[in-house]
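**Student:** For reference, the file data-v1.tsv (TSV, C-alpha atoms) is included below:
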```tsv
chain	number	residue	atom	x	y	z
A	16	MET	CA	-256.34	-127.25	3.67
A	17	SER	CA	-257.90	-128.12	0.34
A	18	GLU	CA	-255.92	-128.39	-2.91
A	19	VAL	CA	-257.68	-125.30	-4.24
A	20	GLN	CA	-256.56	-123.31	-1.22
A	21	ASN	CA	-253.00	-124.63	-1.65
A	22	GLU	CA	-252.94	-123.53	-5.29
A	23	ILE	CA	-254.18	-120.04	-4.39
A	24	SER	CA	-251.65	-119.73	-1.61
A	25	PHE	CA	-248.84	-120.86	-3.90
A	26	ALA	CA	-249.89	-118.39	-6.59
A	27	GLU	CA	-250.05	-115.57	-4.04
A	28	LEU	CA	-246.62	-116.53	-2.69
A	29	LEU	CA	-245.18	-116.63	-6.21
A	30	GLU	CA	-246.69	-113.22	-6.94
A	31	GLN	CA	-245.16	-111.78	-3.78
A	32	ASN	CA	-241.69	-113.05	-4.71
A	33	PHE	CA	-241.65	-111.07	-7.94
A	34	LYS	CA	-241.39	-107.31	-8.12
A	35	SER	CA	-244.06	-105.27	-9.84
A	36	ILE	CA	-243.17	-103.25	-12.91
A	37	HIS	CA	-244.83	-100.42	-14.76
A	38	ARG	CA	-244.83	-99.00	-18.26
A	39	GLY	CA	-242.01	-96.48	-18.73
A	40	GLU	CA	-239.96	-97.95	-15.91
A	41	ILE	CA	-236.27	-98.69	-16.45
A	42	VAL	CA	-235.39	-102.21	-15.36
A	43	GLU	CA	-232.10	-104.04	-14.98
A	44	GLY	CA	-231.74	-107.57	-16.29
A	45	THR	CA	-229.54	-110.34	-17.63
A	46	VAL	CA	-229.64	-111.56	-21.21
A	47	ILE	CA	-230.70	-115.22	-21.25
A	48	ASP	CA	-230.98	-115.79	-25.01
A	49	VAL	CA	-230.45	-114.04	-28.36
A	50	ASN	CA	-231.72	-114.90	-31.83
A	51	ASP	CA	-231.73	-113.01	-35.13
A	52	ASP	CA	-234.80	-110.96	-34.22
A	53	GLU	CA	-235.05	-110.76	-30.42
A	54	VAL	CA	-233.15	-110.47	-27.16
A	55	PHE	CA	-234.62	-112.27	-24.13
A	56	VAL	CA	-233.93	-110.77	-20.73
A	57	ASN	CA	-234.49	-112.01	-17.17
A	58	ILE	CA	-235.69	-108.90	-15.35
A	59	GLY	CA	-236.68	-110.60	-12.08
A	60	TYR	CA	-240.33	-110.51	-13.00
A	61	LYS	CA	-242.77	-113.36	-13.35
A	62	SER	CA	-242.35	-113.04	-17.13
A	63	ASP	CA	-239.19	-112.53	-19.14
A	64	GLY	CA	-238.60	-109.32	-21.01
A	65	ILE	CA	-238.15	-109.27	-24.77
A	66	ILE	CA	-236.35	-106.63	-26.84
A	67	PRO	CA	-237.27	-106.85	-30.56
A	68	LYS	CA	-234.48	-106.04	-33.02
A	69	SER	CA	-236.31	-102.82	-33.96
A	70	GLU	CA	-236.17	-101.71	-30.30
A	71	TYR	CA	-232.55	-102.65	-29.74
A	72	SER	CA	-231.00	-100.18	-32.20
A	73	ASN	CA	-231.86	-97.53	-34.78
A	74	TYR	CA	-228.95	-98.68	-36.93
A	75	PRO	CA	-230.33	-100.74	-39.82
A	76	GLY	CA	-228.91	-104.19	-40.35
A	77	VAL	CA	-227.64	-104.56	-36.78
A	78	ASN	CA	-226.69	-108.18	-36.02
A	79	LEU	CA	-228.05	-108.92	-32.54
A	80	LYS	CA	-225.83	-111.98	-32.09
A	81	GLU	CA	-222.74	-109.83	-32.68
A	82	VAL	CA	-223.61	-107.00	-30.28
A	83	VAL	CA	-225.16	-108.87	-27.34
A	84	LYS	CA	-224.82	-112.35	-25.83
A	85	ALA	CA	-226.28	-114.46	-23.04
A	86	GLY	CA	-225.03	-113.35	-19.63
A	87	ASP	CA	-224.73	-109.66	-20.54
A	88	LYS	CA	-226.18	-107.18	-18.07
A	89	ILE	CA	-228.55	-104.72	-19.70
A	90	SER	CA	-230.82	-101.81	-18.81
A	91	ALA	CA	-234.09	-101.44	-20.69
A	92	LYS	CA	-237.32	-99.46	-20.55
A	93	VAL	CA	-240.72	-101.13	-20.24
A	94	LEU	CA	-242.97	-100.44	-23.22
A	95	ARG	CA	-245.75	-102.88	-22.29
A	96	VAL	CA	-246.08	-105.10	-19.21
A	97	ASN	CA	-247.81	-107.73	-21.34
A	98	ASP	CA	-247.03	-107.85	-25.04
A	99	GLY	CA	-250.03	-110.10	-25.70
A	100	GLU	CA	-248.05	-113.29	-25.32
A	101	GLY	CA	-247.34	-112.98	-21.62
A	102	GLN	CA	-243.94	-111.33	-22.03
A	103	VAL	CA	-242.76	-107.84	-21.13
A	104	LEU	CA	-241.99	-105.70	-24.19
A	105	LEU	CA	-238.78	-103.72	-23.65
A	106	THR	CA	-236.75	-101.13	-25.51
A	107	TYR	CA	-233.03	-100.59	-25.30
A	108	LYS	CA	-232.51	-98.01	-28.04
A	109	ARG	CA	-234.79	-95.43	-26.47
A	110	ILE	CA	-232.69	-95.29	-23.33
A	111	LEU	CA	-229.59	-94.73	-25.44
A	112	ALA	CA	-231.42	-92.13	-27.53
A	113	GLU	CA	-232.51	-90.25	-24.40
A	114	GLN	CA	-228.91	-90.24	-23.22
A	115	GLY	CA	-227.73	-89.31	-26.72
A	116	ILE	CA	-230.05	-86.30	-26.96
A	117	SER	CA	-228.01	-84.38	-24.41
A	118	LYS	CA	-224.84	-85.15	-26.39
A	119	ILE	CA	-226.47	-84.01	-29.62
A	120	GLU	CA	-227.49	-80.75	-27.95
A	121	GLU	CA	-223.86	-80.18	-26.95
A	122	TYR	CA	-222.73	-80.96	-30.51
A	123	TYR	CA	-225.25	-78.39	-31.74
A	124	LYS	CA	-224.08	-75.68	-29.32
A	125	SER	CA	-220.39	-76.28	-30.00
A	126	LYS	CA	-220.93	-76.67	-33.79
A	127	GLN	CA	-218.91	-79.87	-33.60
A	128	GLU	CA	-218.43	-81.78	-36.84
A	129	LEU	CA	-219.93	-85.26	-36.78
A	130	THR	CA	-219.32	-88.24	-39.05
A	131	SER	CA	-221.79	-91.05	-39.56
A	132	LYS	CA	-223.04	-93.45	-42.22
A	133	VAL	CA	-226.21	-92.63	-44.09
A	134	SER	CA	-228.74	-95.12	-42.73
A	135	LEU	CA	-231.78	-94.20	-44.73
A	136	VAL	CA	-232.63	-92.25	-47.88
A	137	LEU	CA	-235.99	-90.50	-47.97
A	138	GLU	CA	-237.58	-88.51	-50.78
A	139	GLY	CA	-236.64	-85.25	-49.10
A	140	GLY	CA	-233.23	-86.06	-47.69
A	141	LEU	CA	-230.97	-88.39	-45.73
A	142	VAL	CA	-231.15	-89.93	-42.26
A	143	VAL	CA	-228.04	-90.47	-40.15
A	144	ILE	CA	-227.85	-91.88	-36.63
A	145	VAL	CA	-225.56	-90.57	-33.90
A	146	ASP	CA	-225.75	-92.08	-30.39
A	147	GLU	CA	-229.05	-93.73	-31.42
A	148	VAL	CA	-230.52	-90.32	-32.29
A	149	ARG	CA	-231.95	-89.95	-35.77
A	150	ILE	CA	-230.79	-86.81	-37.56
A	151	PHE	CA	-232.39	-85.62	-40.77
A	152	ILE	CA	-230.35	-83.88	-43.47
A	153	PRO	CA	-232.68	-82.22	-46.03
A	154	ALA	CA	-231.75	-82.63	-49.69
A	155	SER	CA	-231.02	-78.88	-49.89
A	156	LEU	CA	-228.34	-79.26	-47.18
A	157	VAL	CA	-226.70	-82.45	-48.46
A	158	SER	CA	-224.30	-80.76	-50.87
A	159	ASP	CA	-223.17	-77.39	-52.19
A	160	GLN	CA	-224.07	-78.63	-55.67
A	161	TYR	CA	-227.16	-80.23	-57.20
A	162	VAL	CA	-227.49	-83.90	-56.28
A	163	ASP	CA	-229.14	-85.96	-58.99
A	164	ASN	CA	-229.67	-89.14	-56.95
A	165	LEU	CA	-229.68	-89.13	-53.15
A	166	ARG	CA	-229.53	-92.93	-53.09
A	167	ASP	CA	-225.88	-92.69	-54.05
A	168	PHE	CA	-225.24	-91.63	-50.43
A	169	LEU	CA	-226.78	-94.73	-48.83
A	170	GLY	CA	-224.17	-96.44	-46.65
A	171	GLN	CA	-221.62	-93.65	-47.20
A	172	GLU	CA	-219.90	-91.94	-44.31
A	173	ILE	CA	-220.56	-88.21	-44.39
A	174	THR	CA	-219.47	-85.33	-42.19
A	175	PHE	CA	-221.95	-82.67	-41.08
A	176	VAL	CA	-222.95	-80.30	-38.27
A	177	ILE	CA	-226.21	-79.94	-36.38
A	178	SER	CA	-227.84	-76.76	-37.69
A	179	GLU	CA	-231.16	-77.04	-35.87
A	180	PHE	CA	-232.04	-78.62	-32.51
A	181	ASN	CA	-235.67	-78.29	-31.47
A	182	LEU	CA	-237.04	-81.03	-29.23
A	183	ARG	CA	-240.44	-79.33	-28.93
A	184	LYS	CA	-240.91	-79.71	-32.68
A	185	ASN	CA	-238.97	-82.97	-32.72
A	186	ARG	CA	-236.58	-81.44	-35.25
A	187	ILE	CA	-232.88	-82.31	-35.29
A	188	ILE	CA	-231.44	-81.14	-38.61
A	189	GLY	CA	-227.99	-81.87	-39.99
A	190	ASN	CA	-226.14	-79.72	-42.51
A	191	ARG	CA	-223.38	-80.99	-44.78
A	192	LYS	CA	-223.57	-78.12	-47.27
A	193	THR	CA	-222.09	-75.48	-44.98
A	194	LEU	CA	-218.97	-77.61	-44.40
A	195	LEU	CA	-218.47	-78.20	-48.12
A	196	ILE	CA	-218.78	-74.48	-48.85
A	197	ALA	CA	-216.26	-73.62	-46.13
A	198	GLU	CA	-213.91	-76.34	-47.38
A	199	ARG	CA	-214.19	-75.09	-50.95
A	200	GLN	CA	-213.54	-71.48	-49.90
A	201	THR	CA	-210.43	-72.54	-48.00
A	202	LYS	CA	-209.23	-74.54	-50.98
A	203	VAL	CA	-209.85	-71.60	-53.31
A	204	LYS	CA	-207.82	-69.24	-51.11
A	205	GLU	CA	-204.93	-71.71	-50.94
A	206	THR	CA	-204.94	-72.22	-54.70
A	207	MET	CA	-205.26	-68.51	-55.52
A	208	SER	CA	-202.25	-67.73	-53.32
A	209	LYS	CA	-200.10	-70.08	-55.41
A	210	LEU	CA	-201.21	-69.08	-58.91
A	211	GLU	CA	-199.38	-66.55	-61.06
A	212	VAL	CA	-199.93	-65.19	-64.55
A	213	GLY	CA	-197.91	-67.20	-67.04
A	214	MET	CA	-198.02	-70.45	-65.10
A	215	VAL	CA	-198.89	-73.60	-67.06
A	216	VAL	CA	-201.17	-75.93	-65.10
A	217	GLU	CA	-203.46	-78.90	-65.59
A	218	GLY	CA	-207.21	-78.68	-65.15
A	219	ASN	CA	-210.42	-80.60	-65.70
A	220	ILE	CA	-213.14	-79.27	-67.96
A	221	LYS	CA	-216.12	-78.70	-65.69
A	222	ASN	CA	-218.55	-76.94	-68.02
A	223	VAL	CA	-218.79	-75.97	-71.69
A	224	THR	CA	-220.81	-72.96	-72.88
A	225	ASP	CA	-221.33	-71.13	-76.16
A	226	TYR	CA	-218.67	-68.57	-75.26
A	227	GLY	CA	-216.01	-70.89	-73.85
A	228	ALA	CA	-215.23	-73.58	-71.30
A	229	PHE	CA	-214.60	-73.65	-67.56
A	230	ALA	CA	-211.67	-75.67	-66.23
A	231	ASN	CA	-211.22	-76.49	-62.55
A	232	ILE	CA	-207.71	-75.81	-61.27
A	233	ASP	CA	-207.36	-77.25	-57.73
A	234	GLY	CA	-210.77	-75.98	-56.67
A	235	VAL	CA	-210.77	-72.75	-58.72
A	236	ASP	CA	-212.85	-72.48	-61.89
A	237	GLY	CA	-211.12	-70.63	-64.71
A	238	LEU	CA	-212.64	-69.47	-67.99
A	239	ILE	CA	-211.09	-70.47	-71.29
A	240	HIS	CA	-212.72	-68.01	-73.66
A	241	ILE	CA	-213.63	-69.38	-77.09
A	242	SER	CA	-210.88	-67.18	-78.55
A	243	GLN	CA	-208.33	-68.93	-76.30
A	244	LEU	CA	-209.29	-72.53	-77.05
A	245	SER	CA	-207.19	-72.89	-80.18
A	246	TRP	CA	-204.95	-70.99	-82.59
A	247	GLY	CA	-207.48	-71.99	-85.22
A	248	ARG	CA	-211.05	-70.79	-85.68
A	249	VAL	CA	-213.52	-72.41	-83.22
A	250	LYS	CA	-217.21	-72.52	-84.14
A	251	LYS	CA	-218.32	-74.23	-80.94
A	252	PRO	CA	-216.25	-74.82	-77.78
A	253	SER	CA	-217.75	-78.32	-77.59
A	254	ASP	CA	-215.91	-79.12	-80.83
A	255	VAL	CA	-212.63	-78.63	-78.96
A	256	VAL	CA	-213.18	-79.79	-75.37
A	257	LYS	CA	-215.53	-82.09	-73.48
A	258	VAL	CA	-216.72	-82.13	-69.87
A	259	GLY	CA	-214.38	-84.24	-67.72
A	260	GLU	CA	-211.45	-83.89	-70.12
A	261	LYS	CA	-208.02	-83.04	-68.70
A	262	VAL	CA	-206.41	-80.04	-70.35
A	263	ARG	CA	-203.10	-78.20	-70.18
A	264	VAL	CA	-203.68	-74.47	-69.83
A	265	ARG	CA	-201.78	-71.23	-69.33
A	266	ILE	CA	-202.92	-68.61	-66.82
A	267	ILE	CA	-203.38	-65.29	-68.62
A	268	GLY	CA	-205.30	-63.33	-65.96
A	269	ILE	CA	-206.00	-63.38	-62.21
A	270	ASP	CA	-208.63	-61.48	-60.22
A	271	LYS	CA	-207.89	-62.29	-56.56
A	272	GLU	CA	-210.74	-60.14	-55.26
A	273	LYS	CA	-213.32	-62.15	-57.19
A	274	ASN	CA	-211.34	-65.43	-57.09
A	275	LYS	CA	-211.44	-65.65	-60.88
A	276	ILE	CA	-208.79	-66.71	-63.36
A	277	SER	CA	-208.58	-66.51	-67.13
A	278	LEU	CA	-206.99	-69.38	-69.02
A	279	SER	CA	-205.69	-70.15	-72.47
A	280	MET	CA	-204.96	-73.32	-74.40
A	281	LYS	CA	-202.84	-71.34	-76.87
A	282	PHE	CA	-199.11	-71.66	-76.26
A	283	ASP	CA	-196.51	-69.40	-77.87
A	284	GLU	CA	-194.35	-72.30	-79.03
A	285	GLU	CA	-197.34	-73.65	-80.97
A	286	ASN	CA	-198.18	-70.31	-82.59
A	287	PRO	CA	-198.52	-71.03	-86.33
A	288	TRP	CA	-197.23	-67.51	-87.12
A	289	ASN	CA	-193.82	-68.34	-85.63
A	290	ASP	CA	-192.51	-69.65	-88.96
A	291	ALA	CA	-195.11	-68.02	-91.22
A	292	THR	CA	-192.50	-65.64	-92.71
A	293	THR	CA	-190.76	-68.56	-94.34
A	294	LYS	CA	-193.77	-70.74	-95.14
A	295	TYR	CA	-195.87	-67.94	-96.64
A	296	ALA	CA	-193.23	-65.71	-98.23
A	297	VAL	CA	-194.29	-63.68	-101.24
A	298	GLY	CA	-194.15	-65.88	-104.35
A	299	ASN	CA	-194.68	-69.18	-102.51
A	300	VAL	CA	-197.41	-71.45	-103.82
A	301	VAL	CA	-199.61	-72.67	-100.97
A	302	GLU	CA	-202.68	-74.84	-100.38
A	303	GLY	CA	-205.65	-74.13	-98.16
A	304	VAL	CA	-209.36	-74.57	-97.60
A	305	VAL	CA	-212.04	-71.96	-98.24
A	306	ALA	CA	-213.26	-71.11	-94.73
A	307	ARG	CA	-215.69	-68.25	-95.34
A	308	MET	CA	-216.72	-65.77	-97.99
A	309	THR	CA	-217.65	-62.10	-98.23
A	310	ASP	CA	-218.71	-59.92	-101.13
A	311	PHE	CA	-215.12	-58.80	-101.71
A	312	GLY	CA	-213.41	-62.17	-101.48
A	313	ALA	CA	-212.86	-65.50	-99.77
A	314	PHE	CA	-210.82	-66.30	-96.68
A	315	VAL	CA	-208.65	-69.36	-97.06
A	316	GLU	CA	-207.41	-71.26	-93.99
A	317	LEU	CA	-203.83	-72.25	-94.71
A	318	GLU	CA	-203.55	-73.95	-91.33
A	319	PRO	CA	-205.35	-73.55	-87.98
A	320	GLY	CA	-204.76	-69.96	-86.94
A	321	VAL	CA	-203.55	-68.67	-90.30
A	322	ASP	CA	-206.09	-67.24	-92.76
A	323	ALA	CA	-205.36	-65.49	-96.03
A	324	LEU	CA	-207.53	-63.28	-98.22
A	325	LEU	CA	-208.24	-64.33	-101.76
A	326	HIS	CA	-209.70	-61.13	-103.23
A	327	VAL	CA	-212.53	-61.54	-105.73
A	328	SER	CA	-210.31	-59.98	-108.41
A	329	GLN	CA	-207.68	-62.69	-107.78
A	330	ILE	CA	-209.93	-65.74	-107.94
A	331	SER	CA	-209.65	-66.19	-111.70
A	332	LYS	CA	-208.50	-64.61	-114.95
A	333	LYS	CA	-212.13	-64.62	-115.91
A	334	HIS	CA	-214.45	-62.04	-114.40
A	335	VAL	CA	-215.98	-63.22	-111.10
A	336	GLU	CA	-218.96	-61.21	-109.84
A	337	LYS	CA	-218.88	-62.67	-106.34
A	338	PRO	CA	-216.70	-65.38	-104.69
A	339	SER	CA	-219.57	-67.85	-104.35
A	340	ASP	CA	-219.88	-67.94	-108.14
A	341	ALA	CA	-216.51	-69.69	-108.36
A	342	LEU	CA	-215.82	-71.19	-104.92
A	343	THR	CA	-217.56	-73.22	-102.21
A	344	ILE	CA	-216.97	-73.42	-98.46
A	345	GLY	CA	-214.63	-76.33	-97.68
A	346	GLU	CA	-213.13	-76.41	-101.16
A	347	LYS	CA	-209.38	-76.97	-101.37
A	348	VAL	CA	-207.52	-74.36	-103.41
A	349	THR	CA	-203.96	-73.75	-104.55
A	350	ALA	CA	-202.78	-70.15	-104.80
A	351	LYS	CA	-199.74	-67.89	-104.92
A	352	VAL	CA	-198.80	-65.54	-102.06
A	353	LEU	CA	-199.06	-61.97	-103.35
A	354	ASP	CA	-198.44	-60.15	-100.09
A	355	PHE	CA	-197.34	-61.02	-96.52
A	356	ASN	CA	-197.58	-58.56	-93.62
A	357	GLU	CA	-196.17	-60.11	-90.44
A	358	GLU	CA	-197.03	-57.17	-88.20
A	359	SER	CA	-200.75	-57.12	-89.06
A	360	LYS	CA	-200.78	-60.88	-89.73
A	361	LYS	CA	-202.34	-60.47	-93.17
A	362	ILE	CA	-201.68	-62.59	-96.24
A	363	SER	CA	-203.03	-62.01	-99.74
A	364	LEU	CA	-203.38	-64.84	-102.27
A	365	SER	CA	-204.01	-65.14	-105.96
A	366	ILE	CA	-205.23	-68.04	-108.09
A	367	LYS	CA	-205.24	-65.71	-111.07
A	368	ALA	CA	-201.45	-65.33	-110.89
A	369	LEU	CA	-201.00	-69.09	-111.18
A	370	GLU	CA	-203.35	-69.25	-114.15
A	371	GLU	CA	-201.39	-66.49	-115.89
A	372	LYS	CA	-198.13	-68.30	-115.17
A	373	GLU	CA	-199.49	-71.53	-116.63
A	374	GLU	CA	-200.75	-69.67	-119.68
A	375	LYS	CA	-197.31	-68.12	-120.32
A	376	ALA	CA	-195.69	-71.49	-119.88
A	377	GLU	CA	-198.03	-72.98	-122.47
A	378	GLU	CA	-197.23	-70.13	-124.91
A	379	VAL	CA	-193.49	-70.68	-124.54
A	380	SER	CA	-193.97	-74.38	-125.07
A	381	THR	CA	-195.98	-73.76	-128.26
A	382	GLU	CA	-193.34	-71.34	-129.69
A	383	GLU	CA	-190.63	-73.94	-129.14
```
Go ahead and express the file in the form of structure tokens.
**Tutor:**
Amino acid sequence: MSEVQNEISFAELLEQNFKSIHRGEIVEGTVIDVNDDEVFVNIGYKSDGIIPKSEYSNYPGVNLKEVVKAGDKISAKVLRVNDGEGQVLLTYKRILAEQGISKIEEYYKSKQELTSKVSLVLEGGLVVIVDEVRIFIPASLVSDQYVDNLRDFLGQEITFVISEFNLRKNRIIGNRKTLLIAERQTKVKETMSKLEVGMVVEGNIKNVTDYGAFANIDGVDGLIHISQLSWGRVKKPSDVVKVGEKVRVRIIGIDKEKNKISLSMKFDEENPWNDATTKYAVGNVVEGVVARMTDFGAFVELEPGVDALLHVSQISKKHVEKPSDALTIGEKVTAKVLDFNEESKKISLSIKALEEKEEKAEEVSTEE
């Protein structure tokens, strides 16, 4: 027998000793080597099988040397019998994903809550992986509130449910929003059951508007109307409170049907009118700041929450046509209390009375 015939016979014999494989077939093998990018598998074929890192797992950053080692038994699916370099291209993750699909369908039917790390952030949402199955969570279903930057979620563990499972359209959609809404509603009910009018609680300023501020009290947003922000006059709520600030508030109203509460930052023990009878008794000389003016007089703030009227006829001994002819907003003035009405919380002042008193004093001094 010639050498050529021997070589052909040997090649035929070698071919016969190895099984044939086909694309899509699942083969069993033994890992013979692992590097950072590939897993090499003896599958009993004339060529070894190779599993690229991208075909081993959908989880980004997987360390092949940590999850598989030489000698491990492994099942894989044939992607190509010849990858161009004489090796068999295999996939491991697709087998797991096929097995995982049935689990995901069960999770969908049972509405089971799932927890997984965010593996990828796309322009329109997040990608999480469960049992090697990629699940997409659209941006609109990521949170119950507006999310400014989805990239903040990358690598975070989040809990969600499967809200859509459609293999025909290749759509597996996750929903985190519905869980957050349910959680918030439960929290609101728990908090509302504990709150009572008159209670003093702590809250965080969540939002500031032109008409007041909203403070979050254990999951419930309560309105602090502009009139309840201070005993003093408030031009803008933002002058008093800032978003994120912790505040001490008193509950002044509860609507359990609408889950709404009304709050106040005014406390009775801090009411400036508590000792006003003594401080602003008729005849006392007081100081204040011109806060606003009308045609008939100027209102002087004696302290936050206590205003007094300085009538145009009491601004000076001299004739004053209108308050702005003699006074300016923000000007400090000294005046005498002419009248004090505790019930209606009204105080009347007079600068004229002090001028007359000084004039009489000067006359007495001159006579002496």
**Student:** Counting all atoms listed in the file, which residue out of A:Asp236, A:Ser62, A:Phe180, A:Ala306 sits closest to Thr206 (chain A)?
**Tutor:** A:Asp236
**Student:** Using only C-alpha atoms, which residues sit within 8 Å of region 323-328 of chain A once same-chain residues fewer than 2 positions away are excluded, as an MDAnalysis selection string?
**Tutor:** chainID A and resid 310:317 321 330:331 334:338 361:366
**Student:** How many Å lie between CA of Gly140 (chain A) and CA of Asn185 (chain A), rounded to one decimal?
**Tutor:** 16.3 Å
**Student:** Do you have the CA of Gly237 (chain A)-CA of Ser277 (chain A) distance handy?
**Tutor:** 5.4 Å
**Student:** What does the distance between CA of Val145 (chain A) and CA of Val157 (chain A) come to in Å, to one decimal place?
**Tutor:**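 Distance between the two atoms: 16.7 Å.
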**Student:** Counting only C-alpha atoms, figure out which residue out of A:Thr293, A:Ser117, A:Gln102, A:Ser134 gets nearest to Pro75 (chain A).
**Tutor:**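 Closest to Pro75 (chain A), using only C-alpha atoms: A:Ser134.
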**Student:** Could you tell me which of A:Ile41, A:Ala197, A:Val255, A:Leu238 comes closest to Arg109 (chain A) if we count only C-alpha atoms?
**Tutor:**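 Between A:Ile41, A:Ala197, A:Val255, A:Leu238, the residue approaching Arg109 (chain A) most closely is A:Ile41.
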**Student:** Need the shell around Asp283 (chain A): protein/DNA/RNA residues with any atom at most 10 Å away, counting only C-alpha atoms. Skip same-chain ones fewer than 5 positions apart. Format as an NGL selection string?
**Tutor:** :A and (246 or 288-289)
**Student:** Can I get the selection written as a PDB file, in the coordinates of the input, with C-alpha atoms?
**Tutor:**
```pdb
ATOM      1  CA  TRP A 246    -204.950 -70.990 -82.590  1.00  0.00           C
ATOM      2  CA  TRP A 288    -197.230 -67.510 -87.120  1.00  0.00           C
ATOM      3  CA  ASN A 289    -193.820 -68.340 -85.630  1.00  0.00           C
TER       4      ASN A 289
END
```
**Student:** Residues near Thr193 (chain A), anyone? I mean within 12 Å using only C-alpha atoms, not counting same-chain ones fewer than 5 positions away, as a ChimeraX atom specification.
**Tutor:** /A:126,128,152,155-160,174-178,198-200
**Student:** Nearest to Ser35 (chain A): which of A:Tyr123, A:Phe55, A:Tyr60, A:Phe355 is it, counting all atoms listed in the file?
**Tutor:**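 Result for the nearest residue to Ser35 (chain A): A:Tyr60.
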**Student:** Counting all atoms listed in the file, what is within 7 Å of Lys347 (chain A), bar same-chain residues fewer than 4 positions away, as an MDAnalysis selection string?
**Tutor:** chainID A and resid 303:305
